[in-house]
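Okay, run_38.cif now, which holds mmCIF, C-alpha atoms and all ligand atoms:
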data_run
loop_
_atom_site.label_atom_id
_atom_site.label_comp_id
_atom_site.auth_asym_id
_atom_site.auth_seq_id
_atom_site.Cartn_x
_atom_site.Cartn_y
_atom_site.Cartn_z
CA MET A 15 -57.53 92.91 45.93
CA ALA A 16 -55.43 96.00 46.65
CA PRO A 17 -52.91 96.85 43.97
CA PRO A 18 -49.38 95.76 44.84
CA SER A 19 -47.06 98.33 46.30
CA PRO A 20 -43.33 98.61 45.61
CA THR A 21 -42.75 97.73 49.23
CA ASP A 22 -44.66 94.44 49.09
CA PRO A 23 -42.27 91.57 49.70
CA VAL A 24 -41.46 88.89 47.15
CA ALA A 25 -40.65 85.33 48.22
CA ILE A 26 -38.11 83.33 46.27
CA VAL A 27 -38.20 79.56 46.63
CA GLY A 28 -34.75 78.21 45.78
CA ALA A 29 -33.04 81.55 46.40
CA SER A 30 -29.83 79.84 47.47
CA GLY A 31 -29.41 78.79 43.84
CA ALA A 32 -28.00 80.70 40.92
CA LEU A 33 -31.13 82.27 39.42
CA GLY A 34 -32.97 82.81 42.71
CA PHE A 35 -30.01 84.55 44.29
CA GLY A 36 -29.57 86.81 41.27
CA LEU A 37 -33.24 87.75 41.34
CA ALA A 38 -33.06 88.37 45.08
CA VAL A 39 -30.20 90.85 44.86
CA ARG A 40 -31.59 92.64 41.81
CA LEU A 41 -35.09 93.04 43.23
CA ALA A 42 -33.76 94.08 46.63
CA ARG A 43 -31.60 96.71 45.03
CA ALA A 44 -34.80 98.05 43.45
CA GLY A 45 -36.32 98.35 46.95
CA VAL A 46 -38.36 95.13 47.07
CA PRO A 47 -38.10 93.26 50.41
CA ILE A 48 -37.10 89.67 49.73
CA ALA A 49 -38.12 86.57 51.70
CA ILE A 50 -35.48 83.99 50.88
CA GLY A 51 -36.63 80.39 50.88
CA SER A 52 -34.63 77.19 51.10
CA ARG A 53 -35.41 73.60 51.99
CA LYS A 54 -33.36 74.33 55.12
CA ALA A 55 -34.13 77.43 57.18
CA ALA A 56 -30.44 77.72 58.14
CA ARG A 57 -29.48 77.86 54.46
CA GLY A 58 -32.18 80.47 53.91
CA GLN A 59 -30.64 82.60 56.66
CA GLU A 60 -27.11 82.09 55.36
CA THR A 61 -28.31 83.10 51.89
CA ALA A 62 -29.96 86.20 53.32
CA GLU A 63 -26.61 87.15 54.89
CA ARG A 64 -24.83 86.56 51.58
CA ALA A 65 -27.41 88.71 49.79
CA THR A 66 -27.06 91.46 52.39
CA ALA A 67 -23.31 91.46 51.78
CA ALA A 68 -23.98 91.92 48.06
CA VAL A 69 -26.67 94.59 48.51
CA PRO A 70 -26.27 96.23 51.95
CA SER A 71 -29.27 98.51 51.33
CA GLY A 72 -31.52 95.51 50.62
CA SER A 73 -34.07 94.00 52.96
CA PHE A 74 -33.64 90.21 53.17
CA SER A 75 -35.07 87.63 55.52
CA GLY A 76 -34.16 83.95 55.52
CA HIS A 77 -36.69 81.13 55.92
CA ASP A 78 -37.50 77.62 54.97
CA ASN A 79 -39.53 77.55 51.77
CA ALA A 80 -42.90 77.48 53.51
CA GLY A 81 -41.90 80.39 55.76
CA ALA A 82 -40.90 82.44 52.74
CA VAL A 83 -44.19 81.66 50.99
CA HIS A 84 -46.11 82.77 54.11
CA ALA A 85 -44.25 86.11 54.02
CA ALA A 86 -45.27 87.36 50.57
CA ASP A 87 -48.13 87.54 48.07
CA THR A 88 -45.77 87.10 45.14
CA VAL A 89 -43.71 83.92 45.02
CA ILE A 90 -40.99 83.10 42.51
CA LEU A 91 -40.29 79.40 42.05
CA SER A 92 -36.65 78.94 41.08
CA VAL A 93 -35.71 75.28 41.43
CA PRO A 94 -34.42 72.68 38.97
CA PHE A 95 -37.09 71.02 36.81
CA ARG A 96 -36.51 67.65 38.45
CA ASN A 97 -37.48 69.22 41.78
CA GLN A 98 -40.35 71.45 40.64
CA SER A 99 -43.10 68.94 41.26
CA GLU A 100 -41.75 67.82 44.65
CA THR A 101 -41.27 71.43 45.76
CA LEU A 102 -44.83 72.42 44.83
CA ALA A 103 -46.20 69.31 46.55
CA ASN A 104 -44.31 70.32 49.71
CA LEU A 105 -45.73 73.85 49.48
CA LYS A 106 -49.36 72.96 48.89
CA ASP A 107 -50.37 73.93 52.43
CA ALA A 108 -48.30 77.11 52.38
CA LEU A 109 -49.50 78.59 49.09
CA ARG A 110 -52.81 80.45 49.45
CA PRO A 111 -55.51 81.79 47.13
CA GLY A 112 -54.71 85.19 45.68
CA GLN A 113 -50.97 84.66 45.59
CA LEU A 114 -49.11 85.07 42.33
CA LEU A 115 -46.71 82.22 41.60
CA ILE A 116 -44.08 83.08 39.01
CA ASP A 117 -42.52 79.89 37.73
CA ALA A 118 -39.03 80.17 36.23
CA THR A 119 -38.50 76.45 35.68
CA VAL A 120 -36.88 75.36 32.43
CA PRO A 121 -37.30 71.63 31.70
CA LEU A 122 -33.74 70.98 30.59
CA ALA A 123 -32.76 67.44 29.63
CA ALA A 124 -29.92 67.81 32.15
CA ALA A 125 -32.57 66.92 34.75
CA VAL A 126 -32.35 63.32 33.47
CA SER A 127 -28.62 63.35 32.70
CA GLY A 128 -29.21 64.58 29.17
CA LYS A 129 -27.79 67.60 27.40
CA ALA A 130 -28.38 71.02 28.91
CA THR A 131 -29.03 72.25 25.37
CA ARG A 132 -32.09 70.01 24.97
CA MET A 133 -35.55 70.40 26.42
CA LEU A 134 -37.64 67.62 27.91
CA GLY A 135 -41.20 67.05 26.82
CA VAL A 136 -43.53 67.70 29.77
CA TRP A 137 -46.74 65.68 29.92
CA GLN A 138 -48.82 68.74 30.85
CA GLY A 139 -47.39 70.73 27.91
CA SER A 140 -44.78 72.82 29.70
CA ALA A 141 -43.15 73.24 33.09
CA ALA A 142 -45.49 76.18 33.67
CA GLN A 143 -48.54 74.02 32.97
CA GLN A 144 -47.20 71.44 35.41
CA ALA A 145 -46.89 74.22 38.00
CA LEU A 146 -50.43 75.35 37.22
CA GLU A 147 -51.72 71.81 37.70
CA MET A 148 -49.95 71.44 41.03
CA ALA A 149 -50.65 74.86 42.54
CA PRO A 150 -53.64 75.04 44.93
CA GLU A 151 -56.90 76.47 43.59
CA GLY A 152 -56.91 80.25 43.56
CA VAL A 153 -53.14 80.65 43.18
CA ARG A 154 -52.43 82.51 39.96
CA VAL A 155 -49.57 81.01 38.00
CA VAL A 156 -47.50 82.72 35.37
CA SER A 157 -44.30 81.65 33.71
CA ALA A 158 -41.41 84.05 33.27
CA LEU A 159 -37.70 84.74 33.60
CA HIS A 160 -36.52 81.70 31.63
CA THR A 161 -34.12 83.61 29.44
CA VAL A 162 -32.54 85.80 32.09
CA SER A 163 -29.08 84.58 32.99
CA ALA A 164 -28.19 84.11 36.63
CA ALA A 165 -24.67 85.31 35.92
CA SER A 166 -26.00 88.58 34.47
CA LEU A 167 -28.35 89.06 37.41
CA CYS A 168 -25.55 88.53 39.90
CA ASP A 169 -23.29 90.96 38.06
CA LEU A 170 -24.86 94.12 39.43
CA ASP A 171 -23.06 96.18 36.83
CA ASP A 172 -24.70 94.30 33.97
CA PRO A 173 -27.34 96.59 32.41
CA LEU A 174 -29.76 93.67 31.79
CA ASP A 175 -31.19 95.20 28.65
CA GLN A 176 -33.48 92.26 28.01
CA ASP A 177 -37.08 91.33 27.42
CA VAL A 178 -38.77 89.08 29.95
CA LEU A 179 -41.67 87.12 28.49
CA VAL A 180 -44.55 86.52 30.88
CA CYS A 181 -47.06 83.75 30.03
CA GLY A 182 -50.17 82.82 31.95
CA LYS A 183 -53.29 80.77 31.46
CA ARG A 184 -55.60 80.47 34.43
CA ALA A 185 -58.09 83.34 34.69
CA ARG A 186 -56.35 84.92 31.79
CA GLY A 187 -57.28 88.47 32.63
CA GLN A 188 -56.33 88.02 36.27
CA ALA A 189 -53.06 86.28 35.55
CA ARG A 190 -52.06 88.80 32.97
CA GLY A 191 -53.23 91.66 35.13
CA GLY A 192 -51.39 90.16 38.10
CA ALA A 193 -48.19 89.76 36.18
CA GLY A 194 -48.66 93.22 34.75
CA ASP A 195 -49.10 94.64 38.22
CA ARG A 196 -45.86 93.06 39.30
CA ALA A 197 -44.18 94.12 36.10
CA ASP A 198 -45.14 97.68 36.93
CA ARG A 199 -43.72 97.27 40.38
CA TRP A 200 -40.56 95.70 39.10
CA SER A 201 -40.21 98.53 36.67
CA ALA A 202 -38.31 100.02 39.62
CA LEU A 203 -35.68 97.48 38.66
CA ARG A 204 -35.95 98.53 35.06
CA TRP A 205 -35.45 102.12 35.86
CA THR A 206 -32.82 101.72 38.48
CA ALA A 207 -30.85 98.71 37.35
CA ALA A 208 -31.58 98.17 33.73
CA ALA A 209 -34.02 98.53 30.90
CA TRP A 210 -36.07 95.41 31.57
CA ARG A 211 -38.94 95.32 29.12
CA TRP A 212 -41.91 93.18 30.01
CA ARG A 213 -44.38 91.68 27.61
CA ALA A 214 -47.39 89.66 28.64
CA SER A 215 -49.06 86.98 26.57
CA PRO A 216 -51.30 84.02 27.33
CA SER A 217 -49.63 80.63 27.11
CA ARG A 218 -52.26 79.47 24.62
N1 LIG A 301 -29.27 79.55 36.16
C1 LIG A 301 -29.81 80.31 35.21
O1 LIG A 301 -29.13 81.16 34.60
C2 LIG A 301 -31.29 80.17 34.88
C3 LIG A 301 -31.87 81.09 33.99
C4 LIG A 301 -33.22 81.00 33.71
C5 LIG A 301 -33.97 79.98 34.27
N2 LIG A 301 -33.39 79.07 35.09
C6 LIG A 301 -34.22 78.02 35.68
O2 LIG A 301 -34.43 78.40 37.03
C7 LIG A 301 -34.47 77.26 37.87
C8 LIG A 301 -33.38 77.40 38.93
O3 LIG A 301 -32.13 77.38 38.27
P1 LIG A 301 -30.76 77.49 39.10
O4 LIG A 301 -29.68 77.52 38.11
O5 LIG A 301 -30.88 78.59 40.10
O6 LIG A 301 -30.77 76.09 39.87
P2 LIG A 301 -29.84 75.57 41.05
O7 LIG A 301 -28.88 76.62 41.44
O8 LIG A 301 -29.30 74.22 40.64
O9 LIG A 301 -30.90 75.27 42.20
C9 LIG A 301 -31.74 76.25 42.76
C10 LIG A 301 -32.17 75.79 44.13
O10 LIG A 301 -33.13 74.78 44.05
C11 LIG A 301 -33.25 74.21 45.36
N3 LIG A 301 -33.62 72.80 45.33
C12 LIG A 301 -34.85 72.35 45.63
N4 LIG A 301 -34.89 71.01 45.60
C13 LIG A 301 -33.66 70.59 45.29
C14 LIG A 301 -33.09 69.29 45.16
N5 LIG A 301 -33.80 68.17 45.38
N6 LIG A 301 -31.80 69.20 44.83
C15 LIG A 301 -31.08 70.33 44.65
N7 LIG A 301 -31.57 71.58 44.78
C16 LIG A 301 -32.87 71.71 45.12
C17 LIG A 301 -31.90 74.45 46.03
O11 LIG A 301 -32.13 75.31 47.11
P3 LIG A 301 -32.08 74.80 48.64
O12 LIG A 301 -31.03 73.73 48.71
O13 LIG A 301 -31.70 76.03 49.38
O14 LIG A 301 -33.45 74.30 48.93
C18 LIG A 301 -31.09 75.18 44.98
O15 LIG A 301 -30.24 76.15 45.51
C19 LIG A 301 -34.25 76.04 36.95
O16 LIG A 301 -35.49 75.47 36.63
C20 LIG A 301 -33.56 76.64 35.74
O17 LIG A 301 -33.82 75.87 34.56
C21 LIG A 301 -32.05 79.15 35.42
#
Final structure tokens representation of the file:
Amino acid sequence: MAPPSPTDPVAIVGASGALGFGLAVRLARAGVPIAIGSRKAARGQETAERATAAVPSGSFSGHDNAGAVHAADTVILSVPFRNQSETLANLKDALRPGQLLIDATVPLAAAVSGKATRMLGVWQGSAAQQALEMAPEGVRVVSALHTVSAASLCDLDDPLDQDVLVCGKRARGQARGGAGDRADRWSALRWTAAAWRWRASPSR
């Protein structure tokens, strides 16, 4: 597979939400074209317009979630835990072998009306392992971005001097290499927007 280029698009499923929108504007400001996904194509387009207003130099396109996934080799999944499984089930025909799926889901107890400060146990071991189980064969899954605040991402003046932990299991070398490739690409964000420091480690 050809190494990723800084101009390769990234799709964000759930980009109308807090984290997805923040990632969209930050990555776009670093020069990455963003395919914005929503359950409703009209909301995807409206979100693309909102993102363009925030970052006029950015390249945004609005889609339904499947359309966004078709438009990029790297896909960020940014939906609430209670909707992660349903969203991946709906995308099983859109995701394709070779894509990198970056799952940002945090299994907060708020998903079942519990406290947002508590985590839920996930039968598979973690939200990322649930994503791995549900993603079609050949899609590389890594888990990242859980500790990055949406508010900080959306505040384009925030220096974001933070570590982002990247975990992956399937085809360890590939997943880590894949995440590393993207980390290199997103280092544009690090250099232009902030000092994002990436570390890669296997999930187990
Ligand atoms: N917020 C943060 O600071 C932050 C930080 C790190 C990690 N995270 C994690 O990132 C994920 C996204 O967080 P968020 O705060 O961005 O969530 P959010 O704003 O509540 O939702 C994100 C998007 O998920 C989509 N979605 C899909 N199915 C849905 C359903 N059945 N009901 C409602 N929305 C649905 C919605 O997009 P459409 O309606 O357009 O489809 C929504 O805009 C979560 O797993 C969270 O734990 C969040």
Can you work out which one of A:Leu179, A:Val136, A:Ala55, A:Ala85 has the shortest atom-to-atom distance to ligand LIG 301 (chain A), counting only C-alpha atoms and all ligand atoms? A:Ala55
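Nearest-residue note for A:Gly72: choosing from A:Leu41, A:Ile50, A:Ala118, A:Ala56, the minimum distance belongs to A:Leu41, counting only C-alpha atoms.
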Using all atoms listed in the file, can you tell me which of A:Ala130, A:Leu114, A:Ala145, A:Val120 comes closest to ligand LIG 301 (chain A)? A:Val120
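As for atom CA of A:Ala142 and atom CA of A:Pro94, they are spaced 12.8 Å apart.
For the atom pair formed by atom CA of A:Arg57 and atom O14 of ligand LIG 301 (chain A), the distance is 7.7 Å, given to one decimal.
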Counting all atoms listed in the file, which residues of stretch 119-195 of chain A sit at most 7 Å from some atom of stretch 105-112 of chain A, and what is each one's closest atom pair with its distance in Å to one decimal, listed by chain and rising residue number, as a tab-separated table?
residue	atom	partner	partner_atom	distance
A:Ala149	CA	A:Lys106	CA	6.8
A:Pro150	CA	A:Lys106	CA	6.2
A:Glu151	CA	A:Pro111	CA	6.5
A:Gly152	CA	A:Pro111	CA	4.1
A:Val153	CA	A:Pro111	CA	4.7
A:Arg154	CA	A:Gly112	CA	6.7
Selection as a ChimeraX atom specification: residues within 6 Å of ligand LIG 301 (chain A) by all atoms listed in the file: /A:28,30-34,52-53,57,92-95,97,118-120,159-164
Return the padded bounding box of stretch 146-160 of chain A as JSON: axis-aligned, built from all atoms listed in the file, 5 Å added on each side, with centre and edge lengths in Å to one decimal.
{"center_x": -46.7, "center_y": 78.1, "center_z": 38.3, "size_x": 30.4, "size_y": 23.3, "size_z": 23.3}
Nearest residue to A:Leu37 out of A:Gln176, A:Ser166, A:Ser157, A:Thr131, using all atoms listed in the file? A:Ser166
Using all atoms listed in the file, can you tell me which of A:Cys181, A:Ala123, A:Ala49, A:Leu170 comes closest to A:Val89? A:Ala49
Best match for closeness to A:Gly36 among A:Glu63, A:Asp177, A:Asp169, A:Asp22, counting all atoms listed in the file: A:Asp169
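As for atom CA of A:Gly76 and atom CA of A:Ala165, they are spaced 21.8 Å apart.
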So which residues touch A:Pro70 within 10 Å, counting all atoms listed in the file, skipping near sequence neighbours fewer than 4 positions away, as a VMD selection string? chain A and resid 39 42 to 43 63 to 66 74
Skipping near chain neighbours, those fewer than 3 positions away, what residues fall within 9 Å of A:Ala25 using only C-alpha atoms, listed as a PyMOL selection string? chain A and resi 29+38+47-51+79+82-91
Could you add whatever atoms are missing so that stretch 139-165 of chain A carries N, CA and C atoms, then write the result as an mmCIF file, in the coordinates of the input?
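Printed below is selection_26.cif as written:
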data_model
loop_
_atom_site.group_PDB
_atom_site.id
_atom_site.type_symbol
_atom_site.label_atom_id
_atom_site.label_comp_id
_atom_site.auth_asym_id
_atom_site.auth_seq_id
_atom_site.Cartn_x
_atom_site.Cartn_y
_atom_site.Cartn_z
ATOM 1 N N GLY A 139 -47.591 69.779 29.006
ATOM 2 C CA GLY A 139 -47.390 70.730 27.910
ATOM 3 C C GLY A 139 -46.170 71.609 28.136
ATOM 4 N N SER A 140 -45.935 71.978 29.366
ATOM 5 C CA SER A 140 -44.780 72.820 29.700
ATOM 6 C C SER A 140 -44.576 72.739 31.216
ATOM 7 N N ALA A 141 -43.403 73.192 31.641
ATOM 8 C CA ALA A 141 -43.150 73.240 33.090
ATOM 9 C C ALA A 141 -44.166 74.161 33.769
ATOM 10 N N ALA A 142 -44.529 75.242 33.082
ATOM 11 C CA ALA A 142 -45.490 76.180 33.670
ATOM 12 C C ALA A 142 -46.856 75.508 33.848
ATOM 13 N N GLN A 143 -47.238 74.698 32.854
ATOM 14 C CA GLN A 143 -48.540 74.020 32.970
ATOM 15 C C GLN A 143 -48.499 72.967 34.069
ATOM 16 N N GLN A 144 -47.336 72.367 34.279
ATOM 17 C CA GLN A 144 -47.200 71.440 35.410
ATOM 18 C C GLN A 144 -47.362 72.213 36.716
ATOM 19 N N ALA A 145 -46.759 73.393 36.789
ATOM 20 C CA ALA A 145 -46.890 74.220 38.000
ATOM 21 C C ALA A 145 -48.339 74.598 38.220
ATOM 22 N N LEU A 146 -49.018 74.957 37.141
ATOM 23 C CA LEU A 146 -50.430 75.350 37.220
ATOM 24 C C LEU A 146 -51.272 74.187 37.759
ATOM 25 N N GLU A 147 -50.961 72.987 37.267
ATOM 26 C CA GLU A 147 -51.720 71.810 37.700
ATOM 27 C C GLU A 147 -51.489 71.521 39.176
ATOM 28 N N MET A 148 -50.280 71.807 39.659
ATOM 29 C CA MET A 148 -49.950 71.440 41.030
ATOM 30 C C MET A 148 -50.258 72.530 42.048
ATOM 31 N N ALA A 149 -50.400 73.772 41.582
ATOM 32 C CA ALA A 149 -50.650 74.860 42.540
ATOM 33 C C ALA A 149 -52.075 74.752 43.088
ATOM 34 N N PRO A 150 -52.281 75.092 44.366
ATOM 35 C CA PRO A 150 -53.640 75.040 44.930
ATOM 36 C C PRO A 150 -54.578 75.992 44.182
ATOM 37 N N GLU A 151 -55.870 75.646 44.220
ATOM 38 C CA GLU A 151 -56.900 76.470 43.590
ATOM 39 C C GLU A 151 -56.794 77.912 44.093
ATOM 40 N N GLY A 152 -56.914 78.837 43.174
ATOM 41 C CA GLY A 152 -56.910 80.250 43.560
ATOM 42 C C GLY A 152 -55.533 80.894 43.491
ATOM 43 N N VAL A 153 -54.493 80.080 43.367
ATOM 44 C CA VAL A 153 -53.140 80.650 43.180
ATOM 45 C C VAL A 153 -52.970 80.920 41.690
ATOM 46 N N ARG A 154 -52.628 82.152 41.366
ATOM 47 C CA ARG A 154 -52.430 82.510 39.960
ATOM 48 C C ARG A 154 -51.010 82.151 39.556
ATOM 49 N N VAL A 155 -50.893 81.493 38.435
ATOM 50 C CA VAL A 155 -49.570 81.010 38.000
ATOM 51 C C VAL A 155 -49.209 81.667 36.690
ATOM 52 N N VAL A 156 -48.039 82.244 36.638
ATOM 53 C CA VAL A 156 -47.500 82.720 35.370
ATOM 54 C C VAL A 156 -46.078 82.161 35.243
ATOM 55 N N SER A 157 -45.608 82.201 34.038
ATOM 56 C CA SER A 157 -44.300 81.650 33.710
ATOM 57 C C SER A 157 -43.442 82.783 33.163
ATOM 58 N N ALA A 158 -42.242 82.908 33.690
ATOM 59 C CA ALA A 158 -41.410 84.050 33.270
ATOM 60 C C ALA A 158 -39.960 83.814 33.669
ATOM 61 N N LEU A 159 -39.105 84.636 33.175
ATOM 62 C CA LEU A 159 -37.700 84.740 33.600
ATOM 63 C C LEU A 159 -36.799 83.646 33.047
ATOM 64 N N HIS A 160 -37.299 82.851 32.104
ATOM 65 C CA HIS A 160 -36.520 81.700 31.630
ATOM 66 C C HIS A 160 -35.253 82.076 30.897
ATOM 67 N N THR A 161 -35.253 83.249 30.287
ATOM 68 C CA THR A 161 -34.120 83.610 29.440
ATOM 69 C C THR A 161 -33.163 84.587 30.120
ATOM 70 N N VAL A 162 -33.427 84.879 31.381
ATOM 71 C CA VAL A 162 -32.540 85.800 32.090
ATOM 72 C C VAL A 162 -31.424 84.990 32.745
ATOM 73 N N SER A 163 -30.200 85.368 32.473
ATOM 74 C CA SER A 163 -29.080 84.580 32.990
ATOM 75 C C SER A 163 -28.770 84.935 34.443
ATOM 76 N N ALA A 164 -28.549 83.896 35.231
ATOM 77 C CA ALA A 164 -28.190 84.110 36.630
ATOM 78 C C ALA A 164 -26.897 84.909 36.738
ATOM 79 N N ALA A 165 -25.956 84.610 35.868
ATOM 80 C CA ALA A 165 -24.670 85.310 35.920
ATOM 81 C C ALA A 165 -24.867 86.810 35.691
#
